[in-house]
$ cat input.txt   # compact mmCIF, C-alpha atoms and all ligand atoms
# COMPACT_ATOMS: atom_id res chain seq x y z
CA MET B 1 0.00 0.00 0.00
CA ASN B 2 0.98 3.60 -0.59
CA PHE B 3 0.97 6.31 2.12
CA LYS B 4 2.04 9.92 2.25
CA ILE B 5 3.64 10.88 5.57
CA THR B 6 4.54 14.46 6.49
CA LEU B 7 7.56 14.67 8.79
CA LEU B 8 7.85 17.59 11.18
CA PRO B 9 11.16 16.92 12.94
CA GLY B 10 10.99 20.28 14.75
CA ASP B 11 13.57 21.41 17.27
CA GLY B 12 16.14 20.03 19.70
CA ILE B 13 16.37 16.25 19.59
CA GLY B 14 13.31 16.13 17.27
CA PRO B 15 15.30 15.68 14.02
CA GLU B 16 17.49 12.99 15.60
CA VAL B 17 14.62 10.81 16.79
CA VAL B 18 12.44 11.33 13.71
CA GLY B 19 15.37 10.37 11.49
CA GLU B 20 15.62 7.00 13.23
CA ALA B 21 11.86 6.38 13.15
CA VAL B 22 12.00 6.92 9.38
CA ARG B 23 14.69 4.25 9.08
CA VAL B 24 12.45 1.86 11.02
CA LEU B 25 9.50 2.69 8.75
CA GLU B 26 11.69 2.14 5.68
CA LYS B 27 12.58 -1.31 6.96
CA VAL B 28 8.87 -2.06 7.48
CA ALA B 29 8.11 -0.80 3.96
CA SER B 30 10.65 -3.07 2.34
CA LYS B 31 9.76 -6.09 4.46
CA TYR B 32 5.99 -5.84 4.03
CA ASN B 33 5.94 -4.30 0.57
CA HIS B 34 4.55 -0.86 1.25
CA ASP B 35 5.39 2.53 -0.16
CA PHE B 36 5.86 5.30 2.41
CA ASN B 37 6.39 8.69 0.76
CA PHE B 38 7.95 11.13 3.19
CA GLN B 39 7.78 14.89 2.83
CA GLU B 40 9.61 17.01 5.38
CA ARG B 41 8.40 20.43 6.60
CA LEU B 42 9.43 22.95 9.26
CA MET B 43 7.33 23.53 12.37
CA GLY B 44 8.22 25.11 15.70
CA GLY B 45 11.30 27.20 16.43
CA CYS B 46 12.96 26.18 13.17
CA SER B 47 9.97 27.56 11.27
CA ILE B 48 10.11 30.83 13.23
CA ASP B 49 13.77 31.14 12.24
CA LYS B 50 13.10 30.49 8.56
CA TYR B 51 9.64 31.97 7.96
CA GLY B 52 9.00 34.14 11.03
CA LYS B 53 6.04 31.89 11.97
CA SER B 54 5.86 28.72 14.07
CA ILE B 55 3.72 27.10 11.37
CA THR B 56 2.92 28.43 7.91
CA ASP B 57 -0.43 27.98 6.15
CA GLU B 58 1.36 25.90 3.50
CA THR B 59 2.78 23.53 6.08
CA LEU B 60 -0.59 23.08 7.74
CA ALA B 61 -2.22 22.46 4.35
CA ASP B 62 0.47 19.91 3.46
CA CYS B 63 -0.18 18.11 6.73
CA GLN B 64 -3.93 18.12 6.12
CA ALA B 65 -3.38 16.69 2.64
CA SER B 66 -1.22 13.78 3.79
CA ASP B 67 -2.21 10.44 5.27
CA SER B 68 -0.51 11.14 8.58
CA VAL B 69 1.99 13.37 10.33
CA LEU B 70 5.03 12.30 12.37
CA LEU B 71 6.37 14.96 14.69
CA GLY B 72 9.55 15.11 16.76
CA ALA B 73 9.45 17.94 19.30
CA VAL B 74 9.25 21.72 19.38
CA GLY B 75 10.70 24.47 21.54
CA GLY B 76 13.94 25.45 23.20
CA PRO B 77 15.60 28.27 25.14
CA LYS B 78 16.29 30.21 21.94
CA TRP B 79 12.56 30.92 21.50
CA ASP B 80 11.61 31.28 25.16
CA ASP B 81 11.32 35.06 25.31
CA PRO B 82 8.01 35.69 27.13
CA ASN B 83 7.41 38.79 24.98
CA ALA B 84 7.93 37.00 21.66
CA LYS B 85 5.10 37.40 19.13
CA ASP B 86 5.14 33.73 18.24
CA ARG B 87 6.36 30.64 20.07
CA PRO B 88 7.19 27.12 18.85
CA GLU B 89 4.45 25.63 21.04
CA ARG B 90 1.88 27.79 19.30
CA GLY B 91 2.68 26.02 16.04
CA LEU B 92 1.98 22.69 17.70
CA LEU B 93 -1.36 23.87 19.06
CA ALA B 94 -2.33 25.29 15.65
CA LEU B 95 -1.42 21.96 14.07
CA ARG B 96 -3.50 19.95 16.56
CA LYS B 97 -6.44 22.28 16.07
CA GLY B 98 -5.97 22.42 12.28
CA LEU B 99 -5.99 18.63 12.02
CA GLY B 100 -8.95 18.39 14.39
CA VAL B 101 -7.21 15.76 16.48
CA PHE B 102 -9.24 16.04 19.66
CA ALA B 103 -8.08 12.83 21.35
CA ASN B 104 -4.49 12.23 22.34
CA LEU B 105 -3.81 8.59 23.22
CA ARG B 106 -0.83 8.09 25.53
CA PRO B 107 -0.23 4.46 26.44
CA VAL B 108 1.96 3.75 29.46
CA LYS B 109 3.27 0.22 29.87
CA VAL B 110 6.09 -0.94 32.06
CA HIS B 111 8.51 -3.33 30.41
CA PRO B 112 9.53 -5.95 33.01
CA ALA B 113 13.22 -5.39 32.19
CA LEU B 114 12.88 -1.68 32.95
CA ILE B 115 11.23 -1.97 36.36
CA ASP B 116 14.55 -1.05 37.98
CA ALA B 117 14.83 2.07 35.83
CA SER B 118 11.75 3.52 37.53
CA PRO B 119 12.09 5.24 40.92
CA LEU B 120 8.96 3.42 42.11
CA LYS B 121 9.11 0.21 44.13
CA PRO B 122 8.97 -2.85 41.80
CA GLU B 123 5.83 -4.29 43.43
CA LYS B 124 3.90 -1.12 42.54
CA LEU B 125 4.77 -1.47 38.87
CA LYS B 126 3.49 -4.97 38.31
CA GLY B 127 0.66 -5.09 35.81
CA VAL B 128 0.78 -1.40 34.92
CA ASP B 129 -0.93 -0.96 31.55
CA ILE B 130 -2.58 2.44 31.26
CA ILE B 131 -3.82 4.44 28.33
CA VAL B 132 -4.48 8.10 28.96
CA VAL B 133 -6.92 9.74 26.57
CA ARG B 134 -6.12 13.43 26.80
CA GLU B 135 -8.59 15.90 25.30
CA LEU B 136 -6.37 17.85 22.91
CA THR B 137 -8.15 20.70 21.16
CA GLY B 138 -10.10 22.41 23.94
CA GLY B 139 -10.01 23.33 27.61
CA LEU B 140 -7.45 25.57 29.23
CA TYR B 141 -5.11 25.47 26.24
CA PHE B 142 -7.57 27.07 23.84
CA GLY B 143 -10.35 28.76 25.86
CA GLN B 144 -11.00 32.44 25.19
CA PRO B 145 -10.35 35.03 26.50
CA LYS B 146 -6.63 34.46 26.84
CA THR B 147 -5.14 37.86 27.55
CA ARG B 148 -2.77 40.04 29.44
CA GLU B 149 -3.66 43.62 30.18
CA MET B 150 -3.20 46.51 32.57
CA VAL B 151 -6.21 47.10 34.82
CA ALA B 152 -6.11 50.19 37.02
CA GLY B 153 -2.33 50.17 37.08
CA LYS B 154 -2.07 46.45 37.84
CA GLU B 155 -1.14 43.78 35.34
CA ARG B 156 -3.72 41.04 34.86
CA ALA B 157 -3.43 37.72 32.99
CA VAL B 158 -6.36 35.49 32.02
CA ASP B 159 -6.67 31.93 30.73
CA THR B 160 -10.06 30.33 30.25
CA LEU B 161 -11.13 26.74 30.86
CA GLU B 162 -13.95 26.33 28.38
CA TYR B 163 -15.71 23.26 27.00
CA TYR B 164 -18.70 22.65 24.80
CA ASP B 165 -20.69 19.51 25.58
CA TYR B 166 -19.89 17.92 22.21
CA GLU B 167 -16.15 18.28 22.82
CA ILE B 168 -16.43 16.29 26.03
CA LYS B 169 -18.84 13.76 24.59
CA ARG B 170 -16.69 12.75 21.62
CA VAL B 171 -13.51 12.23 23.63
CA VAL B 172 -15.21 10.33 26.45
CA GLU B 173 -16.99 8.14 23.89
CA LEU B 174 -13.66 7.35 22.28
CA ALA B 175 -12.32 6.34 25.72
CA PHE B 176 -15.27 3.98 26.17
CA GLN B 177 -14.62 2.46 22.73
CA LEU B 178 -11.01 1.80 23.73
CA ALA B 179 -12.10 0.31 27.04
CA LYS B 180 -14.20 -2.31 25.23
CA GLY B 181 -11.04 -3.80 23.76
CA ARG B 182 -9.25 -3.71 27.11
CA ARG B 183 -10.14 -4.33 30.78
CA LYS B 184 -13.52 -2.60 30.44
CA LYS B 185 -12.77 0.18 32.87
CA VAL B 186 -12.75 3.95 32.38
CA THR B 187 -11.43 6.44 34.91
CA SER B 188 -12.72 9.93 34.16
CA VAL B 189 -10.53 12.56 35.80
CA ASP B 190 -11.86 16.01 36.66
CA LYS B 191 -11.97 18.67 39.37
CA ALA B 192 -15.74 18.63 39.80
CA ASN B 193 -15.56 19.88 43.39
CA ILE B 194 -14.29 23.23 42.08
CA LEU B 195 -14.71 23.68 38.34
CA GLU B 196 -17.97 24.20 36.48
CA SER B 197 -16.46 22.70 33.32
CA SER B 198 -15.60 19.59 35.34
CA ARG B 199 -19.14 19.29 36.66
CA MET B 200 -20.39 19.26 33.08
CA TRP B 201 -17.62 16.81 32.16
CA ARG B 202 -18.68 14.46 34.97
CA GLN B 203 -22.34 14.63 34.01
CA ILE B 204 -21.63 13.81 30.37
CA ALA B 205 -19.27 10.99 31.35
CA SER B 206 -21.97 9.56 33.66
CA ASN B 207 -24.52 9.59 30.85
CA ILE B 208 -22.12 7.79 28.53
CA GLY B 209 -21.43 5.36 31.37
CA LYS B 210 -25.15 4.60 31.68
CA ALA B 211 -25.33 3.89 27.95
CA ASN B 212 -22.40 1.45 28.29
CA PRO B 213 -23.26 -0.76 31.26
CA ASP B 214 -20.57 -3.30 30.30
CA ILE B 215 -17.89 -0.72 31.15
CA GLU B 216 -17.06 0.21 34.71
CA LEU B 217 -16.87 3.99 35.06
CA GLU B 218 -15.10 5.69 37.91
CA HIS B 219 -14.82 9.44 38.51
CA THR B 220 -11.66 10.68 40.18
CA LEU B 221 -10.54 14.15 41.12
CA VAL B 222 -7.34 15.16 39.41
CA ASP B 223 -5.39 15.64 42.62
CA THR B 224 -6.37 12.16 43.80
CA ALA B 225 -5.51 10.76 40.37
CA ALA B 226 -2.03 12.33 40.57
CA MET B 227 -1.47 10.61 43.90
CA ARG B 228 -2.85 7.24 42.85
CA LEU B 229 -0.72 7.20 39.72
CA ILE B 230 2.24 6.85 42.04
CA THR B 231 0.75 4.88 44.94
CA ALA B 232 -1.35 2.38 42.94
CA PRO B 233 -0.81 2.78 39.18
CA ALA B 234 -2.01 -0.73 38.33
CA TRP B 235 -5.49 0.39 39.43
CA MET B 236 -5.92 2.49 36.27
CA ASP B 237 -6.70 1.29 32.76
CA VAL B 238 -8.30 3.82 30.40
CA VAL B 239 -8.05 7.34 31.80
CA VAL B 240 -9.87 10.22 30.10
CA THR B 241 -9.36 13.84 31.02
CA GLU B 242 -9.18 17.53 30.17
CA ASN B 243 -6.29 18.87 28.05
CA MET B 244 -4.16 20.41 30.80
CA PHE B 245 -4.85 17.69 33.37
CA GLY B 246 -3.79 15.14 30.73
CA ASP B 247 -0.62 17.07 29.97
CA ILE B 248 0.43 16.99 33.61
CA LEU B 249 -0.68 13.44 34.42
CA THR B 250 1.10 11.94 31.40
CA ASP B 251 4.46 13.44 32.36
CA GLU B 252 3.92 11.92 35.77
CA ALA B 253 2.86 8.59 34.28
CA SER B 254 5.96 8.48 32.08
CA VAL B 255 8.07 8.00 35.20
CA LEU B 256 6.43 4.58 35.61
CA ALA B 257 7.89 3.41 32.30
CA GLY B 258 11.43 4.20 33.41
CA SER B 259 12.00 7.10 31.05
CA MET B 260 9.97 9.68 29.26
CA GLY B 261 11.95 8.77 26.17
CA MET B 262 9.97 5.54 25.90
CA LEU B 263 6.47 6.91 25.48
CA PRO B 264 4.61 7.39 22.18
CA SER B 265 1.35 9.14 21.43
CA ALA B 266 -1.31 9.23 18.77
CA SER B 267 -3.64 12.17 18.23
CA LEU B 268 -6.84 11.28 16.45
CA GLY B 269 -9.98 13.03 15.28
CA GLN B 270 -12.87 12.52 12.94
CA ALA B 271 -10.70 12.84 9.85
CA THR B 272 -8.34 10.03 8.97
CA VAL B 273 -5.14 12.04 9.19
CA GLY B 274 -3.57 11.43 12.58
CA LEU B 275 -0.69 13.16 14.33
CA TYR B 276 1.96 11.00 15.96
CA GLU B 277 4.58 12.26 18.38
CA PRO B 278 6.63 11.09 21.35
CA ILE B 279 5.48 12.69 24.60
CA HIS B 280 8.95 13.96 25.49
CA GLY B 281 10.03 17.48 24.61
CA SER B 282 12.91 18.86 22.58
CA ALA B 283 15.48 18.19 25.37
CA PRO B 284 17.81 21.08 24.45
CA ASP B 285 20.40 19.88 26.98
CA ILE B 286 21.21 16.79 24.90
CA ALA B 287 20.24 18.05 21.42
CA GLY B 288 22.84 17.42 18.72
CA LYS B 289 24.71 14.85 20.81
CA GLY B 290 23.09 11.83 19.15
CA ILE B 291 22.25 10.21 22.49
CA ALA B 292 18.47 10.73 22.69
CA ASN B 293 16.28 7.65 23.07
CA PRO B 294 14.39 7.19 19.77
CA ILE B 295 11.94 4.61 21.18
CA GLY B 296 9.12 7.08 21.92
CA THR B 297 9.14 8.18 18.27
CA ILE B 298 9.60 4.67 16.90
CA LEU B 299 6.61 3.48 18.96
CA SER B 300 4.66 6.53 17.73
CA SER B 301 5.31 5.37 14.17
CA ALA B 302 3.90 1.96 15.18
CA MET B 303 0.76 3.72 16.43
CA MET B 304 0.59 5.49 13.05
CA LEU B 305 0.62 2.16 11.23
CA ARG B 306 -2.12 0.85 13.49
CA HIS B 307 -4.48 3.82 13.72
CA SER B 308 -4.05 5.70 10.44
CA PHE B 309 -3.05 2.92 8.05
CA LYS B 310 -4.76 -0.08 9.70
CA LEU B 311 -1.51 -2.06 9.39
CA GLU B 312 -1.88 -4.01 12.64
CA VAL B 313 0.66 -6.72 11.81
CA GLU B 314 3.34 -4.19 10.94
CA ALA B 315 2.58 -2.08 14.04
CA THR B 316 2.85 -5.12 16.27
CA ALA B 317 6.12 -6.09 14.58
CA ILE B 318 7.69 -2.75 15.51
CA GLU B 319 6.45 -3.03 19.10
CA ALA B 320 7.76 -6.58 19.36
CA ALA B 321 11.17 -5.49 18.03
CA VAL B 322 11.34 -2.71 20.65
CA ASP B 323 10.28 -5.15 23.40
CA ALA B 324 12.89 -7.66 22.33
CA ALA B 325 15.62 -5.03 22.23
CA ILE B 326 14.76 -3.88 25.75
CA THR B 327 14.66 -7.48 26.99
CA ASP B 328 18.11 -8.01 25.49
CA GLY B 329 19.51 -5.06 27.45
CA VAL B 330 19.62 -2.47 24.68
CA ARG B 331 19.89 0.86 26.58
CA SER B 332 20.34 4.52 25.77
CA ALA B 333 21.67 7.03 28.33
CA ASP B 334 18.22 7.82 29.81
CA LEU B 335 17.85 4.09 30.56
CA GLY B 336 21.26 3.89 32.20
CA GLY B 337 23.11 2.66 29.10
CA ALA B 338 25.52 4.12 26.58
CA LEU B 339 24.05 3.39 23.15
CA THR B 340 23.58 6.28 20.73
CA THR B 341 20.31 7.19 19.05
CA ARG B 342 21.52 5.50 15.84
CA GLN B 343 22.67 2.35 17.65
CA MET B 344 19.34 2.07 19.47
CA ALA B 345 17.49 2.20 16.15
CA ASP B 346 19.92 -0.30 14.58
CA GLU B 347 19.22 -2.77 17.40
CA ILE B 348 15.48 -2.41 16.79
CA ILE B 349 15.79 -2.64 12.99
CA ASN B 350 17.89 -5.81 13.35
CA ARG B 351 15.06 -7.40 15.31
CA LEU B 352 12.38 -6.49 12.76
C1 LIG B 401 2.95 17.73 25.31
C2 LIG B 401 3.78 18.98 25.44
C3 LIG B 401 3.06 20.11 24.72
C4 LIG B 401 1.75 20.32 25.44
C5 LIG B 401 3.85 21.42 24.64
C6 LIG B 401 5.16 21.25 23.94
C7 LIG B 401 3.04 22.50 23.98
O1 LIG B 401 4.06 19.26 26.76
O2 LIG B 401 2.65 17.32 24.18
O3 LIG B 401 2.62 17.15 26.34
O4 LIG B 401 1.69 21.00 26.47
O5 LIG B 401 0.73 19.80 24.95
MG MG B 402 3.40 17.75 28.09

$ encode --input "input.txt" --output "structure tokens" --more "lines below"
Ligand code: IPM
Ligand code: MG
Amino acid sequence: MNFKITLLPGDGIGPEVVGEAVRVLEKVASKYNHDFNFQERLMGGCSIDKYGKSITDETLADCQASDSVLLGAVGGPKWDDPNAKDRPERGLLALRKGLGVFANLRPVKVHPALIDASPLKPEKLKGVDIIVVRELTGGLYFGQPKTREMVAGKERAVDTLEYYDYEIKRVVELAFQLAKGRRKKVTSVDKANILESSRMWRQIASNIGKANPDIELEHTLVDTAAMRLITAPAWMDVVVTENMFGDILTDEASVLAGSMGMLPSASLGQATVGLYEPIHGSAPDIAGKGIANPIGTILSSAMMLRHSFKLEVEATAIEAAVDAAITDGVRSADLGGALTTRQMADEIINRL
């Protein structure tokens, strides 16, 4: 089969890890007889440098016209000026919104051979297999007004946590769909004791729960969820939550897997074009050194094969190759080893 993939390597370690994921995809293409056509575009800080904008209309249109998008990371100290007109992260938000990818799937599994790489006690990590469904195109990230102004001589800043019912409904429904193929349990995370938007969220989730009696639905406050992720992570299965809550909880959850460098994500919407990116950032401290862990991006490319291209066998093959490499002791610096980004990918490609 023939697929058009837009690559947005971005900033920092982004180009290094995306480059290795492409090599993995090329191996899959030759082994399983597919044609992956890659087109590379700038997004993030690199796009600000070249075009004066974190994402251009042309780049967004090219992404919309492809079968899927593979992204590395955006941002870095160079573009961190709080007074800057544009920021790398804004490009990413415009891309998510422009592709309509309202659900961000972040699976967190603990490989048995990496239990020691996590700061948590081994017995807590047994059986951890979570998928966080983070709402991605609404909530605190996008709500209006979002302003900064002088009011009677004092500076005031405003962000808005806003949701329409349909935005909550579609993402919670997607979480329920996922739960049907798993342990039939959904944890809906909110702050309903304080936030109006959370009270609406909880009500909608309850209604969807009633319509799906085969799925166990549990509501948890976000502060409790943050604690339980560390004290009893095996208790969670499918977790669905607001944009910002999901951002925070998934960084926390990544600690369970031993390193943030391990975790992939898939952002999906109504349209078929999905956005795939590791959950780690641009890691400016190690950028250009060739030592970043490419596994998060490689596993994101597996999610692309599964969700956008319906190539389940190929997706599973990549995941099995990563699993086998980890079992065999293949380790980058973040996992306590010394292999380079390229060597990590080679070890995975050799097992494909
Ligand atoms: C993530 C990142 C992004 C986010 C940043 C880079 C804008 O932290 O994907 O989790 O906050 O969504
Ligand atoms: Mg984040």

$ closest_residue --input "input.txt" --among "B:Thr160, B:Ser332, B:Asn37, B:Ser300" --to "Glu196 of chain B" --atoms "all atoms listed in the file"
B:Thr160

$ residues_near_ligand --input "input.txt" --ligand "ligand LIG 401 (chain B)" --cutoff "10 Å" --atoms "all atoms listed in the file" --output "ChimeraX atom specification"
/B:44,73-76,87-93,96,104,106,134,136-137,141,243-244,246-251,265,277-282

$ atom_distance --input "input.txt" --atom1 "atom CA of Arg342 of chain B" --atom2 "atom CA of Gly19 of chain B"
9.0 Å

$ closest_atom_pairs --input "input.txt" --of "segment 13-107 of chain B" --to "segment 302-324 of chain B" --cutoff "9 Å" --atoms "only C-alpha atoms" --output "Markdown table"
| residue | atom | partner | partner_atom | distance |
| --- | --- | --- | --- | --- |
| B:Val24 | CA | B:Ile318 | CA | 8.0 |
| B:Leu25 | CA | B:Ala302 | CA | 8.6 |
| B:Val28 | CA | B:Glu314 | CA | 6.9 |
| B:Tyr32 | CA | B:Glu314 | CA | 7.6 |
| B:Asp67 | CA | B:Ser308 | CA | 7.3 |
| B:Ser68 | CA | B:Ser308 | CA | 6.8 |
| B:Val69 | CA | B:Met304 | CA | 8.5 |
| B:Leu70 | CA | B:Met304 | CA | 8.2 |

$ residues_around --input "input.txt" --residues "segment 8-17 of chain B" --least-positions-apart "6" --cutoff "8 Å" --atoms "only C-alpha atoms" --output "ChimeraX atom specification"
/B:40-46,69-76,282-284,286-288,290,292-294,297-298,341

$ closest_residue --input "input.txt" --among "B:Ala65, B:Ile194, B:Met236, B:Val158" --to "Gly127 of chain B" --atoms "only C-alpha atoms"
B:Met236

$ closest_residue --input "input.txt" --among "B:Glu149, B:Glu252, B:Asp334, B:Glu173" --to "ligand MG 402 (chain B)" --atoms "all atoms listed in the file"
B:Glu252

$ residues_around --input "input.txt" --residues "Ile131 of chain B" --least-positions-apart "5" --cutoff "10 Å" --atoms "only C-alpha atoms" --output "list in words"
Asn104, Leu105, Arg106, Pro107, Val108, Lys109, Ala175, Leu178, Ala179, Arg182, Val186, Met236, Asp237, Val238, Val239, Val240, Thr250, Ala253 and Ser265 of chain B

$ closest_residue --input "input.txt" --among "B:Leu161, B:Val172, B:Ala192, B:Leu299" --to "Gly209 of chain B" --atoms "all atoms listed in the file"
B:Val172
